[in-house]
2 protein chains.
Amino acid sequence: MTDRDRKPPFRRGGGKPFDKGRTGSRPPFRGRDASSDGPAILYGWHTVSMALANPKRRFRKLLLTENAARRLAEENIATRITPDIVRPVEIDRLVSADAVHQGLYAEADPLPSPDLDTLPPDGLVLVLDQITDPHNVGAILRSAAAFAVKAIVTTARHSPEATGVLAKSASGALELVPLVTVQNLARALTALNERGFMTVGLDSEGNETLSAIDLHEPLALVLGAEGKGLRQLTRETCSAVARLDMPGEIKSLNVSNAAVLALYIGASRLGLMK
Amino acid sequence: MTDRDRKPPFRRGGGKPFDKGRTGSRPPFRGRDASSDGPAILYGWHTVSMALANPKRRFRKLLLTENAARRLAEENIATRITPDIVRPVEIDRLVSADAVHQGLYAEADPLPSPDLDTLPPDGLVLVLDQITDPHNVGAILRSAAAFAVKAIVTTARHSPEATGVLAKSASGALELVPLVTVQNLARALTALNERGFMTVGLDSEGNETLSAIDLHEPLALVLGAEGKGLRQLTRETCSAVARLDMPGEIKSLNVSNAAVLALYIGASRLGLMK
């Protein structure tokens, strides 16, 4: 098969794959790790207003329409730096044609990635194994914030940066859920196992269903990319591999849909739903 | 506020809103109803191979790369019409730049929309109130097929057509879950109520949680667009309005994430999970 044919079957049209046809000449991937010093691009009401409310965010630039500035003032959200008051069309020029910015655009420092060993030894964390689509990762962040997830562990390579479409899809959740960026996912899972985490990989070929497993805290739920699934070493390093229960003809979900279902089942079983 | 500022806060960057800035001069919406005679554009392995396996699909055109043709032959999937064997780049030209077509492209007749009164009086249906993003509607279709949903009811206007990105995101589920297109959603809900359906609207402001409600078959779960939510008349016509239980700081999910969670809770409570 050609490279074109070999692409994972489920990859969403909306996300630019990082390996599109390239093999030898792939450009270096810029993750959220120390080597990335570009700003985080934030736009949209929830994304920018929650970043303004996060004391850890350092802003470099803030563009607001008059309406957006007034709305922030009405909701008592301080702008932190002096905004440039602009017409909507000036923000239009900075974002993609179909981006809904609602009159707010900011450039800020990326948030620091905490160390894995700072994770609290309770509750729920999510681990993402090379999920590349920024819409999906953004939706997963948002669901993680909804289920009080303590952190999301991702790889420095083959993960989208915490900016732009991802930040918009996360709808403010970037400010709530720490992203722990690691170089080597299997090593990170081993470290979690050693610290007493139960690490459960989700895989449609898993022998048991997630709801049949005796889950305990701290729990790490591990999700792979659509099409590719969990990499072999990831799967082997998990303390258990489980599938999601589905009664219909299709046995695999969009990855952000799988994530929210796993979170709901995990949080319910751990008694975290209050 | 300007039109630009007033756009719903959660609309995903990847989807072109239908009402972008236009009010007086909005072009007529082309739904899947009788007025739409354009072909359904299908690409990608699951989307095309499952359409080929659906005897109800009538194909107008089929383009395959040699590799894709060989893979169909290996899996004993008949092509139904004589395919044009093409190089991948010829399909590239027909789809958007980031579409993952995997060497399969088809144009087919849209599937017929069944009448509302043909729905079986058991199980689970989904009702979508003007959800416009084709990625989200596609992911919802895929989850619906995973949870053996009997049908999805959508409005003829303000719903994306069952083609292209939607079909790709549905990953073959278009062939499994009938789409019932109605002109007036409140009237359709009234008809479902009269036929004994329990119609439950999902709304983050709902008084009760979905899992606290005594659900019964046949059950229709009703979802609104992100940002806008359920329209008032939709909400008033539902037999109950419920929220999803979420313990974290963010209380609303991406709409396809909300849909899969509602489906899981609904199917579990109705005993449909085997």
# chains A, B, ... in the order shown; residues from 1 in each chain; ligands from 1
call {"tool": "residues_around", "arguments": {"residues": "region 67-76 of chain B", "least_positions_apart": "4", "cutoff": "12 Å", "atoms": "only C-alpha atoms", "output": "ChimeraX atom specification"}}
result
/A:1-6 /B:43-46,48-50,52-53,62-63,80,82-88,91,101-105
call {"tool": "calpha_fit_and_write", "arguments": {"fixed": "chain A", "moving": "chain B", "output": "compact mmCIF listing (two decimals) with C-alpha atoms, in the first residue's frame"}}
result
# COMPACT_ATOMS: atom_id res chain seq x y z
CA MET B 1 -0.03 0.05 -0.01
CA THR B 2 1.03 3.63 -0.54
CA ASP B 3 1.52 6.00 2.38
CA ARG B 4 -1.78 7.59 1.49
CA ASP B 5 -3.64 4.30 1.75
CA ARG B 6 -1.98 3.37 4.98
CA LYS B 7 -3.26 6.29 6.99
CA PRO B 8 -5.30 5.32 10.04
CA PRO B 9 -8.92 4.72 9.04
CA PHE B 10 -10.55 6.94 11.65
CA ARG B 11 -8.51 10.07 11.53
CA ARG B 12 -10.87 13.02 11.43
CA GLY B 13 -10.90 15.24 8.35
CA GLY B 14 -10.55 18.40 10.42
CA GLY B 15 -7.09 17.69 11.79
CA LYS B 16 -3.85 17.86 9.89
CA PRO B 17 -1.97 14.65 10.53
CA PHE B 18 1.64 15.24 11.44
CA ASP B 19 2.97 12.44 9.30
CA LYS B 20 1.11 13.24 6.11
CA GLY B 21 3.08 11.44 3.46
CA ARG B 22 6.39 12.47 5.02
CA THR B 23 8.83 9.97 6.40
CA GLY B 24 12.46 10.99 6.01
CA SER B 25 11.88 14.72 6.02
CA ARG B 26 9.40 15.13 8.83
CA PRO B 27 9.82 18.54 10.47
CA PRO B 28 10.66 18.47 14.17
CA PHE B 29 7.51 18.24 16.25
CA ARG B 30 6.97 21.24 18.48
CA GLY B 31 5.33 20.05 21.67
CA ARG B 32 4.54 21.95 24.81
CA ASP B 33 7.93 21.03 26.22
CA ALA B 34 10.82 23.37 26.87
CA SER B 35 11.81 23.50 23.20
CA SER B 36 8.53 25.20 22.29
CA ASP B 37 8.64 28.92 22.93
CA GLY B 38 5.85 30.04 20.60
CA PRO B 39 2.87 31.66 22.29
CA ALA B 40 -0.37 29.86 23.03
CA ILE B 41 -3.01 31.35 20.74
CA LEU B 42 -6.30 31.70 22.60
CA TYR B 43 -9.60 32.92 21.15
CA GLY B 44 -13.29 32.65 21.99
CA TRP B 45 -15.19 33.68 25.11
CA HIS B 46 -14.61 30.68 27.38
CA THR B 47 -11.03 30.09 26.29
CA VAL B 48 -9.87 33.68 26.81
CA SER B 49 -12.01 34.59 29.82
CA MET B 50 -10.90 31.50 31.72
CA ALA B 51 -7.27 32.18 30.81
CA LEU B 52 -7.69 35.73 32.17
CA ALA B 53 -9.03 34.20 35.37
CA ASN B 54 -6.00 31.91 35.67
CA PRO B 55 -3.23 33.66 37.65
CA LYS B 56 -0.67 31.25 36.17
CA ARG B 57 -1.20 32.53 32.63
CA ARG B 58 1.20 35.21 31.45
CA PHE B 59 -0.23 37.28 28.62
CA ARG B 60 1.81 38.76 25.82
CA LYS B 61 -0.99 40.32 23.81
CA LEU B 62 -4.75 40.80 24.15
CA LEU B 63 -7.10 41.94 21.40
CA LEU B 64 -10.72 42.67 22.26
CA THR B 65 -13.65 44.10 20.39
CA GLU B 66 -15.52 46.84 22.24
CA ASN B 67 -18.36 44.43 22.92
CA ALA B 68 -16.04 41.77 24.31
CA ALA B 69 -14.28 44.35 26.52
CA ARG B 70 -17.66 45.50 27.86
CA ARG B 71 -18.73 41.90 28.55
CA LEU B 72 -15.51 41.21 30.48
CA ALA B 73 -16.07 44.38 32.51
CA GLU B 74 -19.68 43.40 33.23
CA GLU B 75 -18.53 40.02 34.48
CA ASN B 76 -15.74 41.57 36.55
CA ILE B 77 -12.97 39.78 34.71
CA ALA B 78 -9.76 41.82 34.80
CA THR B 79 -7.84 42.03 31.53
CA ARG B 80 -4.43 41.74 33.25
CA ILE B 81 -2.68 43.58 30.41
CA THR B 82 -3.87 46.60 28.48
CA PRO B 83 -5.96 45.27 25.61
CA ASP B 84 -5.91 46.59 22.07
CA ILE B 85 -9.49 47.46 21.25
CA VAL B 86 -10.05 46.36 17.66
CA ARG B 87 -12.77 45.77 15.12
CA PRO B 88 -13.86 42.09 14.70
CA VAL B 89 -12.27 41.95 11.25
CA GLU B 90 -8.83 42.52 12.76
CA ILE B 91 -9.22 39.33 14.79
CA ASP B 92 -10.68 37.54 11.76
CA ARG B 93 -7.33 38.08 10.06
CA LEU B 94 -5.44 36.33 12.86
CA VAL B 95 -7.51 33.15 13.09
CA SER B 96 -8.68 30.59 10.55
CA ALA B 97 -11.68 31.50 8.41
CA ASP B 98 -14.20 29.44 10.34
CA ALA B 99 -12.89 30.14 13.85
CA VAL B 100 -15.51 31.60 16.18
CA HIS B 101 -13.53 34.12 18.21
CA GLN B 102 -16.41 36.15 19.66
CA GLY B 103 -14.25 39.25 19.79
CA LEU B 104 -11.47 37.89 22.01
CA TYR B 105 -7.95 36.95 20.94
CA ALA B 106 -4.87 36.51 23.12
CA GLU B 107 -1.29 35.38 22.88
CA ALA B 108 0.06 33.98 26.12
CA ASP B 109 2.91 31.88 27.43
CA PRO B 110 2.19 28.15 27.34
CA LEU B 111 1.40 26.84 30.80
CA PRO B 112 4.22 24.92 32.48
CA SER B 113 4.07 21.13 32.30
CA PRO B 114 4.17 19.73 35.85
CA ASP B 115 6.39 16.74 36.62
CA LEU B 116 4.79 13.34 36.70
CA ASP B 117 5.84 12.80 40.31
CA THR B 118 3.85 15.83 41.45
CA LEU B 119 0.55 14.05 40.61
CA PRO B 120 -1.56 13.45 43.71
CA PRO B 121 -1.92 9.74 44.56
CA ASP B 122 -5.70 9.75 44.28
CA GLY B 123 -8.54 10.33 41.86
CA LEU B 124 -8.38 9.94 38.13
CA VAL B 125 -5.86 10.84 35.43
CA LEU B 126 -6.02 10.39 31.67
CA VAL B 127 -3.12 9.25 29.52
CA LEU B 128 -3.21 9.95 25.76
CA ASP B 129 -1.06 7.79 23.49
CA GLN B 130 -0.33 9.92 20.40
CA ILE B 131 -3.81 11.31 19.82
CA THR B 132 -3.07 13.93 17.20
CA ASP B 133 -6.37 15.64 16.30
CA PRO B 134 -6.61 18.96 18.17
CA HIS B 135 -10.44 18.96 18.12
CA ASN B 136 -10.44 15.57 19.83
CA VAL B 137 -7.76 16.45 22.37
CA GLY B 138 -9.60 19.72 23.12
CA ALA B 139 -12.90 17.90 23.65
CA ILE B 140 -11.11 15.37 25.87
CA LEU B 141 -9.66 18.21 27.98
CA ARG B 142 -13.13 19.69 28.37
CA SER B 143 -14.58 16.34 29.47
CA ALA B 144 -11.61 15.86 31.81
CA ALA B 145 -12.44 19.17 33.51
CA ALA B 146 -16.08 18.08 33.76
CA PHE B 147 -15.03 14.88 35.53
CA ALA B 148 -12.49 16.55 37.83
CA VAL B 149 -9.56 14.71 36.29
CA LYS B 150 -6.30 15.60 38.11
CA ALA B 151 -4.09 15.70 35.01
CA ILE B 152 -3.68 14.55 31.43
CA VAL B 153 -0.43 12.85 30.49
CA THR B 154 0.62 13.21 26.84
CA THR B 155 3.72 12.59 24.79
CA ALA B 156 5.89 15.54 23.78
CA ARG B 157 5.96 14.23 20.22
CA HIS B 158 2.84 13.31 18.21
CA SER B 159 0.52 15.40 20.36
CA PRO B 160 -0.98 18.67 19.25
CA GLU B 161 0.20 21.86 20.93
CA ALA B 162 -2.01 23.46 23.58
CA THR B 163 -3.01 26.35 21.36
CA GLY B 164 -5.51 27.42 18.69
CA VAL B 165 -8.14 24.83 17.80
CA LEU B 166 -7.22 22.62 20.75
CA ALA B 167 -7.60 25.53 23.20
CA LYS B 168 -10.91 26.54 21.58
CA SER B 169 -12.31 23.00 21.69
CA ALA B 170 -11.23 22.72 25.32
CA SER B 171 -13.49 25.69 26.07
CA GLY B 172 -11.40 26.93 29.00
CA ALA B 173 -10.41 23.51 30.31
CA LEU B 174 -6.73 24.17 29.50
CA GLU B 175 -6.73 26.42 32.57
CA LEU B 176 -8.18 23.70 34.80
CA VAL B 177 -6.51 20.43 33.88
CA PRO B 178 -2.69 20.25 34.05
CA LEU B 179 -1.04 18.73 30.97
CA VAL B 180 1.92 16.58 31.89
CA THR B 181 4.18 16.20 28.86
CA VAL B 182 6.50 13.20 28.84
CA GLN B 183 9.18 12.03 26.43
CA ASN B 184 8.44 8.33 26.78
CA LEU B 185 4.96 7.08 27.54
CA ALA B 186 5.87 3.51 28.53
CA ARG B 187 8.35 4.89 31.07
CA ALA B 188 5.70 7.27 32.40
CA LEU B 189 3.23 4.38 32.79
CA THR B 190 5.85 2.35 34.61
CA ALA B 191 6.38 5.28 36.97
CA LEU B 192 2.63 5.51 37.57
CA ASN B 193 2.43 1.76 38.21
CA GLU B 194 5.28 2.05 40.73
CA ARG B 195 3.49 4.89 42.49
CA GLY B 196 0.42 2.69 42.98
CA PHE B 197 -1.70 3.87 40.08
CA MET B 198 -3.95 1.33 38.44
CA THR B 199 -3.25 1.89 34.71
CA VAL B 200 -6.07 0.70 32.46
CA GLY B 201 -5.69 0.81 28.68
CA LEU B 202 -8.85 1.09 26.60
CA ASP B 203 -8.90 -1.20 23.57
CA SER B 204 -11.88 -2.53 21.63
CA GLU B 205 -10.13 -5.94 21.65
CA GLY B 206 -9.82 -5.97 25.45
CA ASN B 207 -10.88 -9.22 27.12
CA GLU B 208 -12.99 -7.59 29.82
CA THR B 209 -15.29 -4.61 29.86
CA LEU B 210 -14.21 -1.56 31.86
CA SER B 211 -17.30 -1.83 34.07
CA ALA B 212 -16.44 -5.46 34.92
CA ILE B 213 -12.97 -4.59 36.24
CA ASP B 214 -12.43 -3.89 39.94
CA LEU B 215 -11.14 -0.32 39.60
CA HIS B 216 -9.30 1.49 42.38
CA GLU B 217 -7.77 4.90 43.04
CA PRO B 218 -5.51 6.34 41.88
CA LEU B 219 -6.67 5.34 38.41
CA ALA B 220 -5.05 6.21 35.07
CA LEU B 221 -7.20 5.59 31.98
CA VAL B 222 -5.08 5.22 28.83
CA LEU B 223 -6.45 6.03 25.37
CA GLY B 224 -4.86 5.43 21.98
CA ALA B 225 -5.38 7.16 18.64
CA GLU B 226 -8.30 6.12 16.47
CA GLY B 227 -7.28 3.56 13.92
CA LYS B 228 -3.89 2.86 15.45
CA GLY B 229 -5.12 2.26 19.00
CA LEU B 230 -2.66 1.78 21.84
CA ARG B 231 0.91 1.11 20.80
CA GLN B 232 2.07 -2.36 21.75
CA LEU B 233 4.48 -1.20 24.46
CA THR B 234 1.78 1.05 25.92
CA ARG B 235 -0.65 -1.86 26.08
CA GLU B 236 1.93 -4.16 27.67
CA THR B 237 2.80 -1.60 30.33
CA CYS B 238 -0.81 -1.05 31.47
CA SER B 239 -1.88 -3.02 34.52
CA ALA B 240 -5.09 -3.99 32.69
CA VAL B 241 -6.60 -3.62 29.21
CA ALA B 242 -10.35 -3.26 28.89
CA ARG B 243 -12.96 -2.52 26.28
CA LEU B 244 -16.03 -0.36 26.50
CA ASP B 245 -19.38 -2.15 26.50
CA MET B 246 -21.45 -1.37 23.44
CA PRO B 247 -24.52 -3.30 22.35
CA GLY B 248 -24.69 -2.07 18.72
CA GLU B 249 -23.09 -3.06 15.44
CA ILE B 250 -20.24 -0.54 15.58
CA LYS B 251 -17.72 -1.39 18.28
CA SER B 252 -15.50 1.67 18.24
CA LEU B 253 -16.22 5.30 19.02
CA ASN B 254 -14.72 8.64 18.16
CA VAL B 255 -11.80 8.88 20.62
CA SER B 256 -13.24 11.83 22.59
CA ASN B 257 -16.53 9.93 22.87
CA ALA B 258 -14.64 6.89 24.16
CA ALA B 259 -12.78 9.13 26.62
CA VAL B 260 -15.89 10.65 28.18
CA LEU B 261 -17.52 7.25 28.53
CA ALA B 262 -14.41 5.82 30.21
CA LEU B 263 -14.31 8.84 32.52
CA TYR B 264 -17.96 8.42 33.48
CA ILE B 265 -17.57 4.71 34.17
CA GLY B 266 -14.29 5.28 36.04
CA ALA B 267 -15.60 8.18 38.15
CA SER B 268 -18.83 6.30 38.94
CA ARG B 269 -17.02 3.15 40.03
CA LEU B 270 -14.56 5.11 42.17
CA GLY B 271 -17.39 7.00 43.87
CA LEU B 272 -16.19 10.36 42.53
CA MET B 273 -19.53 11.47 41.06
CA LYS B 274 -20.64 13.80 43.84
call {"tool": "select_by_dssp", "arguments": {"residues": "region 37-262 of chain B", "states": "alpha helix (DSSP H)", "output": "PyMOL selection string"}}
result
chain B and resi 45-52+66-74+88-92+134-146+164-170+185-194+232-237+255-262
call {"tool": "select_by_dssp", "arguments": {"residues": "region 69-267 of chain A", "states": "strand (DSSP E)", "output": "ChimeraX atom specification"}}
result
/A:84-85,104-108,124-129,151-155,179-182,198-202,208-209,219-224,240-243
